[in-house]
Every structure is written in structure tokens, then in C-alpha cells.
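Chemist: Contents of start_36.cif (mmCIF, C-alpha atoms) are below:
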```cif
data_entry
loop_
_atom_site.label_atom_id
_atom_site.label_comp_id
_atom_site.auth_asym_id
_atom_site.auth_seq_id
_atom_site.Cartn_x
_atom_site.Cartn_y
_atom_site.Cartn_z
CA MET A 1 26.01 17.09 -36.55
CA ARG A 2 25.47 20.68 -37.58
CA LEU A 3 26.50 23.22 -34.94
CA TRP A 4 23.32 25.24 -35.32
CA LEU A 5 21.33 22.24 -33.93
CA TRP A 6 23.16 22.16 -30.58
CA PRO A 7 21.13 24.95 -28.87
CA ASP A 8 17.86 23.09 -29.62
CA ILE A 9 19.30 19.81 -28.32
CA LEU A 10 20.52 21.46 -25.11
CA VAL A 11 17.14 23.11 -24.56
CA SER A 12 15.35 19.77 -25.08
CA MET A 13 17.65 18.04 -22.58
CA ALA A 14 17.06 20.79 -20.01
CA GLU A 15 13.28 20.51 -20.46
CA LEU A 16 13.50 16.72 -19.99
CA VAL A 17 15.41 17.16 -16.72
CA LEU A 18 12.94 19.75 -15.46
CA THR A 19 9.99 17.52 -16.38
CA ARG A 20 11.50 14.56 -14.55
CA GLN A 21 12.16 16.72 -11.50
CA ALA A 22 8.54 17.92 -11.52
CA ILE A 23 7.25 14.35 -11.74
CA ALA A 24 9.57 13.24 -8.91
CA GLN A 25 8.26 16.12 -6.80
CA ARG A 26 4.72 15.00 -7.52
CA GLY A 27 5.69 11.51 -6.42
CA THR A 28 7.09 12.98 -3.21
CA ARG A 29 3.80 14.79 -2.50
CA LEU A 30 1.85 11.58 -3.12
CA GLU A 31 4.03 9.72 -0.63
CA TYR A 32 3.59 12.43 2.02
CA PHE A 33 -0.17 12.05 1.57
CA THR A 34 0.18 8.25 1.73
CA ILE A 35 2.08 8.45 5.03
CA ALA A 36 -0.41 10.89 6.59
CA TRP A 37 -3.50 9.00 5.38
CA ASN A 38 -2.29 5.53 6.33
CA SER A 39 -1.06 6.68 9.74
CA LEU A 40 -4.57 7.95 10.52
CA GLU A 41 -6.20 4.91 8.89
CA GLY A 42 -3.96 2.51 10.82
CA ILE A 43 -4.63 4.14 14.19
CA VAL A 44 -8.41 4.17 13.65
CA ALA A 45 -8.47 0.57 12.38
CA VAL A 46 -6.30 -0.91 15.13
CA VAL A 47 -8.11 0.92 17.95
CA ALA A 48 -11.54 0.03 16.53
CA GLY A 49 -10.38 -3.55 15.90
CA VAL A 50 -9.06 -4.04 19.42
CA ILE A 51 -12.25 -2.62 20.93
CA ALA A 52 -14.47 -4.82 18.72
CA GLY A 53 -12.18 -7.86 18.84
CA SER A 54 -12.03 -7.87 15.02
CA ILE A 55 -9.00 -9.65 13.53
CA SER A 56 -9.73 -8.41 9.99
CA LEU A 57 -9.93 -4.81 11.21
CA VAL A 58 -6.68 -5.10 13.18
CA GLY A 59 -5.02 -6.75 10.19
CA PHE A 60 -6.22 -3.93 7.96
CA GLY A 61 -4.74 -1.42 10.41
CA VAL A 62 -1.38 -3.19 10.50
CA ASP A 63 -1.38 -3.20 6.69
CA SER A 64 -1.84 0.58 6.81
CA PHE A 65 1.28 0.90 8.96
CA ILE A 66 3.17 -1.27 6.46
CA GLU A 67 2.13 1.21 3.77
CA VAL A 68 3.58 3.97 5.95
CA THR A 69 6.89 2.08 5.86
CA SER A 70 6.54 1.75 2.09
CA GLY A 71 5.77 5.46 1.74
CA THR A 72 8.84 6.36 3.78
CA ALA A 73 11.02 4.16 1.57
CA LEU A 74 9.55 5.81 -1.54
CA LEU A 75 10.30 9.27 -0.14
CA TRP A 76 13.92 8.13 0.06
CA ARG A 77 13.67 6.85 -3.52
CA MET A 78 12.22 10.14 -4.83
CA SER A 79 14.87 12.18 -3.01
CA VAL A 80 17.67 10.51 -5.01
CA ASP A 81 15.87 10.33 -8.35
CA ALA A 82 18.49 12.60 -9.92
CA GLU A 83 21.25 10.17 -8.87
CA GLU A 84 20.74 7.52 -11.52
CA HIS A 85 23.36 5.10 -10.16
CA HIS A 86 21.53 4.89 -6.78
CA ARG A 87 18.00 4.28 -8.06
CA GLU A 88 18.08 0.52 -8.65
CA ARG A 89 19.77 -0.31 -5.34
CA ILE A 90 17.30 1.81 -3.37
CA GLU A 91 14.30 0.37 -5.21
CA GLN A 92 15.39 -3.20 -4.51
CA THR A 93 15.95 -2.37 -0.83
CA ALA A 94 12.49 -0.80 -0.58
CA LEU A 95 10.86 -3.80 -2.26
CA ARG A 96 12.51 -6.29 0.12
CA ILE A 97 11.57 -4.29 3.22
CA GLU A 98 7.95 -4.23 2.05
CA GLY A 99 8.05 -7.96 1.24
CA ALA A 100 9.27 -8.93 4.71
CA CYS A 101 6.60 -6.79 6.37
CA PHE A 102 3.82 -8.35 4.29
CA LEU A 103 4.90 -11.90 5.10
CA ALA A 104 4.95 -11.05 8.81
CA LEU A 105 1.44 -9.61 8.49
CA ALA A 106 0.21 -12.74 6.66
CA ALA A 107 1.52 -14.95 9.48
CA TYR A 108 -0.12 -12.75 12.14
CA VAL A 109 -3.52 -12.61 10.43
CA SER A 110 -3.46 -16.40 9.82
CA TYR A 111 -2.74 -17.18 13.46
CA GLU A 112 -5.37 -14.81 14.86
CA ALA A 113 -8.06 -15.84 12.37
CA VAL A 114 -7.58 -19.58 12.98
CA SER A 115 -7.52 -19.00 16.76
CA ASN A 116 -10.79 -17.04 16.59
CA LEU A 117 -12.46 -19.75 14.51
CA MET A 118 -11.35 -22.53 16.85
CA GLU A 119 -12.46 -20.62 19.94
CA ARG A 120 -15.63 -19.33 18.23
CA ARG A 121 -14.68 -15.84 19.36
CA ALA A 122 -17.32 -13.41 18.08
CA PRO A 123 -16.27 -9.80 17.41
CA GLU A 124 -18.45 -6.84 18.39
CA HIS A 125 -20.07 -4.70 15.71
CA SER A 126 -17.82 -1.84 14.55
CA LEU A 127 -19.44 1.22 12.96
CA PRO A 128 -16.09 3.10 12.81
CA GLY A 129 -14.61 0.14 10.96
CA ILE A 130 -17.45 0.13 8.40
CA ILE A 131 -17.09 3.89 7.80
CA LEU A 132 -13.30 3.55 7.48
CA ALA A 133 -13.60 0.75 4.91
CA CYS A 134 -16.10 2.80 2.84
CA VAL A 135 -13.84 5.89 2.80
CA SER A 136 -10.83 3.76 1.91
CA LEU A 137 -12.72 2.31 -1.07
CA VAL A 138 -13.02 5.85 -2.45
CA VAL A 139 -9.53 7.20 -1.64
CA MET A 140 -7.33 4.21 -2.54
CA PRO A 141 -8.24 3.85 -6.26
CA LEU A 142 -7.57 7.56 -6.88
CA LEU A 143 -4.24 7.44 -5.06
CA SER A 144 -3.16 4.26 -6.83
CA ARG A 145 -3.93 5.73 -10.25
CA ALA A 146 -1.87 8.84 -9.52
CA LYS A 147 1.09 6.74 -8.34
CA ARG A 148 0.98 4.56 -11.46
CA ARG A 149 1.26 7.64 -13.67
CA VAL A 150 4.36 8.78 -11.76
CA ALA A 151 5.84 5.26 -11.92
CA ALA A 152 5.32 5.09 -15.68
CA HIS A 153 7.03 8.43 -16.30
CA LEU A 154 9.99 7.67 -14.02
CA LYS A 155 10.14 3.96 -14.96
CA SER A 156 10.27 3.26 -11.23
CA ALA A 157 9.65 -0.32 -10.11
CA ALA A 158 9.43 0.75 -6.47
CA MET A 159 6.80 3.41 -7.16
CA ASN A 160 4.84 0.90 -9.26
CA ALA A 161 5.02 -1.59 -6.37
CA ASP A 162 3.78 1.10 -4.01
CA ALA A 163 0.88 1.82 -6.38
CA LYS A 164 0.04 -1.91 -6.37
CA GLN A 165 0.06 -1.91 -2.57
CA THR A 166 -2.34 1.04 -2.55
CA GLU A 167 -4.60 -0.81 -4.99
CA PHE A 168 -4.24 -3.92 -2.84
CA CYS A 169 -5.45 -1.84 0.14
CA MET A 170 -8.64 -1.21 -1.85
CA TYR A 171 -9.22 -4.97 -2.17
CA LEU A 172 -8.62 -5.42 1.56
CA SER A 173 -11.13 -2.63 2.22
CA ALA A 174 -13.78 -4.47 0.21
CA ILE A 175 -13.06 -7.76 2.02
CA LEU A 176 -13.07 -5.97 5.37
CA LEU A 177 -16.35 -4.20 4.61
CA GLY A 178 -18.00 -7.47 3.60
CA GLY A 179 -16.98 -9.19 6.83
CA LEU A 180 -17.99 -6.28 9.06
CA LEU A 181 -21.38 -5.90 7.36
CA LEU A 182 -22.14 -9.63 7.57
CA ASN A 183 -21.30 -9.56 11.26
CA ALA A 184 -23.31 -6.39 11.91
CA VAL A 185 -26.39 -7.20 9.80
CA ALA A 186 -26.65 -10.99 9.97
CA ASP A 187 -24.74 -11.72 13.20
CA LEU A 188 -22.43 -14.11 11.34
CA TRP A 189 -19.57 -14.19 13.86
CA TRP A 190 -17.36 -16.28 11.59
CA ALA A 191 -17.45 -13.70 8.76
CA ASP A 192 -14.71 -11.64 10.40
CA PRO A 193 -12.03 -14.36 10.78
CA ILE A 194 -12.96 -15.78 7.36
CA SER A 195 -12.42 -12.30 5.90
CA GLY A 196 -9.01 -12.29 7.56
CA LEU A 197 -8.12 -15.65 6.01
CA ILE A 198 -9.22 -14.44 2.56
CA MET A 199 -6.71 -11.59 2.95
CA VAL A 200 -3.80 -13.95 3.72
CA PRO A 201 -2.94 -15.30 0.23
CA ILE A 202 -3.17 -11.80 -1.26
CA ILE A 203 -0.87 -10.44 1.45
CA ALA A 204 1.56 -13.35 1.15
CA LYS A 205 1.78 -13.05 -2.65
CA GLU A 206 2.82 -9.42 -2.37
CA GLY A 207 5.36 -10.37 0.30
CA VAL A 208 7.01 -13.06 -1.82
CA GLU A 209 7.16 -10.79 -4.86
CA GLY A 210 8.70 -8.04 -2.76
CA LEU A 211 11.43 -10.29 -1.35
CA ARG A 212 12.26 -11.55 -4.83
CA GLY A 213 12.27 -8.04 -6.23
CA ASP A 214 9.94 -9.29 -8.98
CA THR A 215 7.70 -6.25 -9.19
CA CYS A 216 8.30 -4.16 -12.29
CA CYS A 217 6.63 -1.28 -14.04
CA ASP A 218 3.56 -2.11 -16.13
#
```
What does the file become when written as C-alpha cells?

Modeler:
Amino acid sequence: MRLWLWPDILVSMAELVLTRQAIAQRGTRLEYFTIAWNSLEGIVAVVAGVIAGSISLVGFGVDSFIEVTSGTALLWRMSVDAEEHHRERIEQTALRIEGACFLALAAYVSYEAVSNLMERRAPEHSLPGIILACVSLVVMPLLSRAKRRVAAHLKSAAMNADAKQTEFCMYLSAILLGGLLLNAVADLWWADPISGLIMVPIIAKEGVEGLRGDTCCD
């Protein structure tokens, strides 16, 4: 290779490193937002769910705390992005932690939903829960899209999995909103536990994929 080409090659490599660092920093900011948002979302959902006796709302809140765990794991992942030999191990660890948490949540929601159906336990109406689900339907798609862009640039399976979880939270928000509205408008007491049961296979699928480490970048 001609010597006069080396300066251009070195400059290109330096720009690539700087670009990757900037993208990793953006990923870090997204995860800080994820942790802050889901902490608030989880607290509001669990408190409102306990007050109203809503299993789907409590389950939604617990899912938010699982996303806090995921966000914390991704912060760890972004912090070592420059250490290429550590990335894969950390991503697999993060995926398995998330998978175990999701399976535990699926078991909890299943038990509570079936118990409520058998005992015909009717939840109270929850205006805070309805507002929370509506806001989540706006925030989650935007956050998921931003995370997917970071995942694609970094070729990060863990960030892509986290983006899928954020998108998955949007689906749960829609299911939650449907159940809460049916209960509030039509007094269909069974809509809440049924909404919880609809969540279960979606939650369990993500859990199994996480434990297997199957999730990869799209």
C-alpha cells in the first residue's frame, strides 16, 4: 500500500471510533431516560393497581421495574462498548437476567388473574391507570425507535432486546388500556384479569428468548 494513503486511513479509523463513542453515549442517555421513566411508571402503576385491585395494572407496574433492571444492565453494556472482548459476555448476561425476570412476572400475573376470575374479584375503576396507559402509548414507540437505531449502529443484541422490551411495553399499555376502559365504561369486571392473561404468553415468550440468548439485531 502506498505510504501517502496512510494518513487518510488513520483519519478514517479515528472518525469511526469517535462515531461509535458518540452512538454509545447516546445509548447511555436513552438508558438513563428508560430507568427514570420506568421507575416513575412502575411506582404509579403498582400503587394505582393495589388501590384499585387491578392485576393487569400491577403486572404492568412490575414489568416497568423489570425494564429498570434491563436499563441498568444496558448501562453496564454501554460503559464497556470500547472493550470489544467483553461485549458478548455482558450482552448474554443481560439477556438472561431479563429472561428470568419476565418468566417470574408471567407466573405472577397468571396466578393472580386466575385467582381473580375464580373468586369473581372485581377491581375498582382507575383513572390514574388509564392516563398512565395513554401516556405510555405515546412515549414507548418513540423510545423503542431510538434504541433500535443505536442497536443497529453498534450491532448490539442486548440493546436490540431492550428496544423490543420497550416496544413490548407499548403492547402491554394497549392491552391494559382496553381492560381498564371496559371495566370503567361497561362495568365488565372480568376484563381486567382477562387482560392480564392476554399479557402472559407475550411476557413468557420474551422470557424464554432471553434465557436462550436468542435475541439478535434486526

Chemist: List as CSV every residue of region 98-170 of chain A that is in contact with region 58-81 of chain A, defined as an atom at most 7 Å from one of its atoms (using only C-alpha atoms), together with the nearest atom pair and the distance in Å rounded to one decimal, sorted by chain and then rising number.

Modeler:
```
residue,atom,partner,partner_atom,distance
A:Glu98,CA,A:Ser70,CA,6.1
A:Cys101,CA,A:Ile66,CA,6.5
A:Val109,CA,A:Gly59,CA,6.1
A:Met159,CA,A:Leu74,CA,6.7
A:Asp162,CA,A:Ser70,CA,6.7
```

Chemist: What does the PyMOL selection byres ((chain A and resi 140-154) around 6) select in this file, as a list in words?

Modeler: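 Checked against the file, the PyMOL selection byres ((chain A and resi 140-154) around 6) matches Ser136, Leu137, Val138, Val139, Lys155, Ser156, Met159, Asn160, Ala163, Thr166, Glu167 and Met170 of chain A.
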
Chemist: Residues of the last selection are to be written out with C-alpha atoms, as a short mmCIF file (atom, residue, chain, number, x, y, z; two decimals), in the frame of the given file.

Modeler:
```
data_model
loop_
_atom_site.label_atom_id
_atom_site.label_comp_id
_atom_site.auth_asym_id
_atom_site.auth_seq_id
_atom_site.Cartn_x
_atom_site.Cartn_y
_atom_site.Cartn_z
CA SER A 136 -10.83 3.76 1.91
CA LEU A 137 -12.72 2.31 -1.07
CA VAL A 138 -13.02 5.85 -2.45
CA VAL A 139 -9.53 7.20 -1.64
CA LYS A 155 10.14 3.96 -14.96
CA SER A 156 10.27 3.26 -11.23
CA MET A 159 6.80 3.41 -7.16
CA ASN A 160 4.84 0.90 -9.26
CA ALA A 163 0.88 1.82 -6.38
CA THR A 166 -2.34 1.04 -2.55
CA GLU A 167 -4.60 -0.81 -4.99
CA MET A 170 -8.64 -1.21 -1.85
#
```

Chemist: For region 116-124 of chain A, please output as a ChimeraX atom specification all residues within 7 Å (counting only C-alpha atoms; exclusion window: fewer than 4 positions along the same chain).

Modeler: /A:52-54,112,189-190,193

Chemist: What residues come out when you apply the PyMOL selection byres ((chain A and resi 108) around 12) to this file, written as an MDAnalysis selection string?

Modeler: chainID A and resid 55:56 58:60 62:63 101:107 109:115 196:197 199:200 203:204

Chemist: For the residues in the current selection, export C-alpha atoms as a PDB file, keeping the file's coordinate frame.

Modeler:
```pdb
ATOM      1  CA  ILE A  55      -9.000  -9.650  13.530  1.00  0.00           C
ATOM      2  CA  SER A  56      -9.730  -8.410   9.990  1.00  0.00           C
ATOM      3  CA  VAL A  58      -6.680  -5.100  13.180  1.00  0.00           C
ATOM      4  CA  GLY A  59      -5.020  -6.750  10.190  1.00  0.00           C
ATOM      5  CA  PHE A  60      -6.220  -3.930   7.960  1.00  0.00           C
ATOM      6  CA  VAL A  62      -1.380  -3.190  10.500  1.00  0.00           C
ATOM      7  CA  ASP A  63      -1.380  -3.200   6.690  1.00  0.00           C
ATOM      8  CA  CYS A 101       6.600  -6.790   6.370  1.00  0.00           C
ATOM      9  CA  PHE A 102       3.820  -8.350   4.290  1.00  0.00           C
ATOM     10  CA  LEU A 103       4.900 -11.900   5.100  1.00  0.00           C
ATOM     11  CA  ALA A 104       4.950 -11.050   8.810  1.00  0.00           C
ATOM     12  CA  LEU A 105       1.440  -9.610   8.490  1.00  0.00           C
ATOM     13  CA  ALA A 106       0.210 -12.740   6.660  1.00  0.00           C
ATOM     14  CA  ALA A 107       1.520 -14.950   9.480  1.00  0.00           C
ATOM     15  CA  VAL A 109      -3.520 -12.610  10.430  1.00  0.00           C
ATOM     16  CA  SER A 110      -3.460 -16.400   9.820  1.00  0.00           C
ATOM     17  CA  TYR A 111      -2.740 -17.180  13.460  1.00  0.00           C
ATOM     18  CA  GLU A 112      -5.370 -14.810  14.860  1.00  0.00           C
ATOM     19  CA  ALA A 113      -8.060 -15.840  12.370  1.00  0.00           C
ATOM     20  CA  VAL A 114      -7.580 -19.580  12.980  1.00  0.00           C
ATOM     21  CA  SER A 115      -7.520 -19.000  16.760  1.00  0.00           C
ATOM     22  CA  GLY A 196      -9.010 -12.290   7.560  1.00  0.00           C
ATOM     23  CA  LEU A 197      -8.120 -15.650   6.010  1.00  0.00           C
ATOM     24  CA  MET A 199      -6.710 -11.590   2.950  1.00  0.00           C
ATOM     25  CA  VAL A 200      -3.800 -13.950   3.720  1.00  0.00           C
ATOM     26  CA  ILE A 203      -0.870 -10.440   1.450  1.00  0.00           C
ATOM     27  CA  ALA A 204       1.560 -13.350   1.150  1.00  0.00           C
TER      28      ALA A 204
END
```

Chemist: Which distance in Å separates CA of Cys169 (chain A) and CA of Ala45 (chain A), to one decimal?

Modeler: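 Separating CA of Cys169 (chain A) from CA of Ala45 (chain A) is a distance of 12.8 Å.
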
Chemist: When you look at Ala158 (chain A) with a cut-off of 7 Å (counting only C-alpha atoms), what residues show up, excluding the ones that are within fewer than 3 positions of it in the same chain? I need them as a list in words.

Modeler: Glu91, Ala94, Leu95, Ala161 and Asp162 of chain A

Chemist: Just write the chosen residues, C-alpha atoms, as a PDB file, in the frame of the given file.

Modeler:
```
ATOM      1  CA  GLU A  91      14.300   0.370  -5.210  1.00  0.00           C
ATOM      2  CA  ALA A  94      12.490  -0.800  -0.580  1.00  0.00           C
ATOM      3  CA  LEU A  95      10.860  -3.800  -2.260  1.00  0.00           C
ATOM      4  CA  ALA A 161       5.020  -1.590  -6.370  1.00  0.00           C
ATOM      5  CA  ASP A 162       3.780   1.100  -4.010  1.00  0.00           C
TER       6      ASP A 162
END
```

Chemist: Would you mind reading off the distance between CA of Leu127 (chain A) and CA of Pro201 (chain A), one decimal, in Å?

Modeler: 26.6 Å

Chemist: Using all atoms listed in the file, which of the listed residues (A:Gln21, A:Gln165, A:Ser126, A:Thr34) sits closest to Ala184 (chain A)?

Modeler: A:Ser126

Chemist: What's the separation between CA of Asp192 (chain A) and CA of Trp37 (chain A), in Å to one decimal place?

Modeler: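 Distance between the two atoms: 24.0 Å.
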
Chemist: Of the candidates A:Arg26, A:Ala48, A:Arg96, A:Leu40, which shows the shortest atom-to-atom distance to Val208 (chain A), using all atoms listed in the file?

Modeler: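 Closest candidate: A:Arg96.
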